[in-house]
Amino acid sequence: MNLFGEIRDNILAELAAMMREGALPAGLALENVAVEPPRDPAHGDMATNAAMVLARPAGMKPRDIAAALAQRLEGHPRIRSAEVAGPGFLNLRLAPGTWGELVEAILAAPEAYGRSQMGRGKRVNVEYVSANPTGPLHVGHSRGAVFGDALAALLEYSGHEVTREYYINDGGAQVDVLARSVYERYREALGEAAEIGEGLYPGDYLVPVGKALAEKVGARWLGQPEEVWLEEVRAFAIEAMMRLIREDLALLGVEMDNFFSERSLYDSGRIEAAIEALSEQGLIYQGVLEPPKGKMPEDWEPREQTLFRSTAHGDDVDRPIQKSDGSWTYFAPDIAYHFDKISRGFDRLVDVFGADHGGYVKRMKAAVSALSGGKVELDIKLIQLVRLFKDGQPFKMSKRAGNFVTLRDVVEQVGADVARFVMLTRKNDAPLDFDLARVLEQSRDNPVFYVQYAHARVRSVMRRAEAAGISPGAPLIEDAAEVTLARKLAEWPRLVEIAARGHEPHRVAFYLYELASDFHALYNRGNDHPHLRFVQDDAAATSAKIALPLAVSIVISAGLGILGVTPVEEMR
RNA sequence: GCUCGCGUAGCUCAGCUGGAUAGAGUGUCGCCCUCCGAAGGCGAAGGUCACAGGUUCGAAUCCUGUCGCGAGCGCCA
């Protein structure tokens, strides 16, 4: 049951009828007709801007359209009244029985409530984390991981077919550095002194990798030149790092559907094929780029390179895909990778990148636009930095990895549920201050606690009812606080669609906070007004009262499920 | 210099693809404990939505410019 969707359908049907009957000009576009919760509850249960949106194209006065629409809507069983307000709003009040029906519908099909068909038949690839396989994940990665994971869940919830994907950057120079670093640990494991020179990865996490390598191959690479061992050590090290990364992701409850290796693109002709696809469109050429405007790099000199004409698809300058020595830039395999995604038949791609990849957005979109003939939309979500604090003081820790706070550190301190929720209480493009102490406080300014507390309160009430042998019956929703709460429940399906459309999982977190707030308000009113308590003296009254909180817990559960947070049964 | 993002209450932030009197938390002040605990609830005060123009019935939201903060800016990934 999607009340906002249902009422909007009613309104669209009436508008269509008005067009048929000549009350409105035919052929008006209706996409912009919205049905929203009014900001001021005094304005009713729902409001539509239909008359104002249509006034101009129809050449009519908004209030006239609204009045005509109001008259037609008055007959609908779900609508108690429709009145024109302000410049042409139409404020709707729903029939009093609606809220009870809504709660009943939620209880009847808890899994279904809020799920949407908006993504039906749409295949989406969400790429996230994609950290270099050179070490454990750090805090910054964890925010991207949580965001991508919640977004994927949100898209699934709204009916999309989703693939969660990790792009392994195992093709560049950094994995050679990794191999050399592991080689030093390998020597160390065999009793020699490791020489972790400048530019190598110093982290302790490579010690066991070197040891495992020593156990596997023995001493045969000792004293050998790099050409002998580099390739095999690299493969060994990458595999070990990916195992480490998967473990880190598992700590956060993140599981990928697919790991895609950059290296697999090399020496397989796939990069060449992608570039060829661009070349066929005349988008590849040999040329010399203009120097960057303003700041001139000291060593800048004109250089002829193979370039991608990304400006033809909205970029600011064309981009190099080959270095001057003829080898690929990192952009080339990325083009091939996205070409691969397109060829796998996805309708939409989402890349979740760190904010330092901001300069990369336009060229990647240009590539996808060109390679898909404009058919596949690429959305790139940039994740801003996480600033860690503890009790208000900047937090630095380096026990595992040398110089950064790892994802594991954070999860060990606060737990996966808290980490996930907190990271989703901010828009992805806003920096996030994460205080390891504050997020464990049990107070209203800690949204994790507040939402969980609401859920625990409901569960407690339900346990109490169950102990008395009472199960939820036909809901009775009368009091203003009850109606407010039911109204908030009615917004859930609409919220899901808005959040999914905008790729904005943080909206779910904020919604849950609001829902919890309305619930706590009602709960507390029970202190002053015993008739509002969920558990009543007689069984019939209790049965009617507990339906609403149960519906609340169902929606909280569903919302937390999208965020990847486990709802708790009780507070500890 | 150019590109992108951000600028909303003292502080931390929402603001639903342009809507009605811009909302929460926190902090300050007042009131309220038999369901899960006051770890909560109710209320008051607190705003030039950075600034200046523009678009229109209507702008925090869209456009232009200015200022401020952050990130990025031809062989690095």
# chains A, B, ... in the order shown; residues from 1 in each chain; ligands from 1

$ interface_residues --of "chain A" --to "chain B" --cutoff "7 Å" --atoms "only C-alpha atoms (C1' of nucleotides)" --output "number ranges by chain"
A: 86, 172, 289, 293-295, 323-324, 330, 355-356, 358-359, 429, 442-443, 445, 457, 460-461, 498, 521, 524, 533-535

$ residues_around --residues "Val350 of chain A" --least-positions-apart "5" --cutoff "7 Å" --atoms "only C-alpha atoms (C1' of nucleotides)" --output "short mmCIF file (atom, residue, chain, number, x, y, z; two decimals) with N, CA, C and O atoms, in the first residue's frame"
data_model
loop_
_atom_site.label_atom_id
_atom_site.label_comp_id
_atom_site.auth_asym_id
_atom_site.auth_seq_id
_atom_site.Cartn_x
_atom_site.Cartn_y
_atom_site.Cartn_z
N ASN A 125 24.84 -1.47 -12.14
CA ASN A 125 26.13 -1.90 -11.59
C ASN A 125 26.62 -0.82 -10.65
O ASN A 125 26.77 0.33 -11.04
N VAL A 126 26.84 -1.20 -9.40
CA VAL A 126 27.40 -0.26 -8.43
C VAL A 126 28.84 -0.68 -8.13
O VAL A 126 29.06 -1.77 -7.60
N GLU A 127 29.76 0.17 -8.52
CA GLU A 127 31.17 -0.12 -8.23
C GLU A 127 31.60 0.71 -7.03
O GLU A 127 31.42 1.93 -7.01
N LEU A 378 25.95 7.05 -16.49
CA LEU A 378 26.92 6.83 -15.43
C LEU A 378 26.76 7.91 -14.38
O LEU A 378 26.82 9.10 -14.68
N ASP A 379 26.54 7.50 -13.14
CA ASP A 379 26.50 8.46 -12.04
C ASP A 379 27.73 8.21 -11.18
O ASP A 379 28.01 7.07 -10.83
N ILE A 380 28.45 9.26 -10.89
CA ILE A 380 29.64 9.11 -10.05
C ILE A 380 29.39 9.82 -8.74
O ILE A 380 29.12 11.02 -8.71
#

$ residues_around --residues "Ala430 of chain A" --least-positions-apart "4" --cutoff "8 Å" --atoms "only C-alpha atoms (C1' of nucleotides)" --output "VMD selection string"
(chain A and resid 383 to 385 426) or (chain B and resid 6)

$ write_last_selection --atoms "N, CA, C and O atoms (P, O5', C5', C4', C3', O3' and C1' of nucleotides)" --output "short mmCIF file (atom, residue, chain, number, x, y, z; two decimals), in the first residue's frame"
data_model
loop_
_atom_site.label_atom_id
_atom_site.label_comp_id
_atom_site.auth_asym_id
_atom_site.auth_seq_id
_atom_site.Cartn_x
_atom_site.Cartn_y
_atom_site.Cartn_z
N ILE A 383 32.85 10.57 -2.51
CA ILE A 383 32.73 10.45 -1.06
C ILE A 383 33.77 11.35 -0.39
O ILE A 383 34.96 11.19 -0.61
N GLN A 384 33.28 12.26 0.41
CA GLN A 384 34.19 13.18 1.09
C GLN A 384 34.92 12.50 2.26
O GLN A 384 34.58 11.40 2.67
N LEU A 385 35.86 13.21 2.77
CA LEU A 385 36.73 12.67 3.82
C LEU A 385 35.98 12.37 5.12
O LEU A 385 34.96 12.98 5.41
N ARG A 426 25.21 11.43 6.79
CA ARG A 426 25.69 12.63 6.13
C ARG A 426 25.59 12.39 4.63
O ARG A 426 25.77 11.27 4.17
P C B 6 27.14 21.00 -3.98
"O5'" C B 6 27.72 21.62 -2.64
"C5'" C B 6 27.85 20.83 -1.48
"C4'" C B 6 28.67 21.52 -0.44
"C3'" C B 6 28.14 22.86 0.06
"O3'" C B 6 27.11 22.71 1.02
"C1'" C B 6 30.44 23.07 -0.39
#

$ closest_residue --among "A:Gly144, A:Pro87, A:Gly100, A:Gly75" --to "Met1 of chain A" --atoms "only C-alpha atoms"
A:Gly100

$ select_by_dssp --residues "segment 390-504 of chain A" --states "strand (DSSP E)" --output "JSON, numbers by chain"
{"A": [390, 393, 394, 432, 433, 434, 435]}

$ closest_residue --among "A:Val352, A:Val376, A:Leu200, A:Ala509" --to "Val422 of chain A" --atoms "only C-alpha atoms"
A:Ala509

$ residues_around --residues "G65 of chain B" --least-positions-apart "3" --cutoff "12 Å" --atoms "only C-alpha atoms (C1' of nucleotides)" --output "list of chain:residue names"
B:C51, B:A52, B:G53, B:G54

$ atom_distance --atom1 "atom CA of Gln174 of chain A" --atom2 "atom CA of Phe353 of chain A"
18.4 Å

$ residues_around --residues "Leu69 of chain A" --least-positions-apart "2" --cutoff "9 Å" --atoms "only C-alpha atoms (C1' of nucleotides)" --output "PyMOL selection string"
chain A and resi 11+14-15+18+50-51+64-67+71-74+82+90
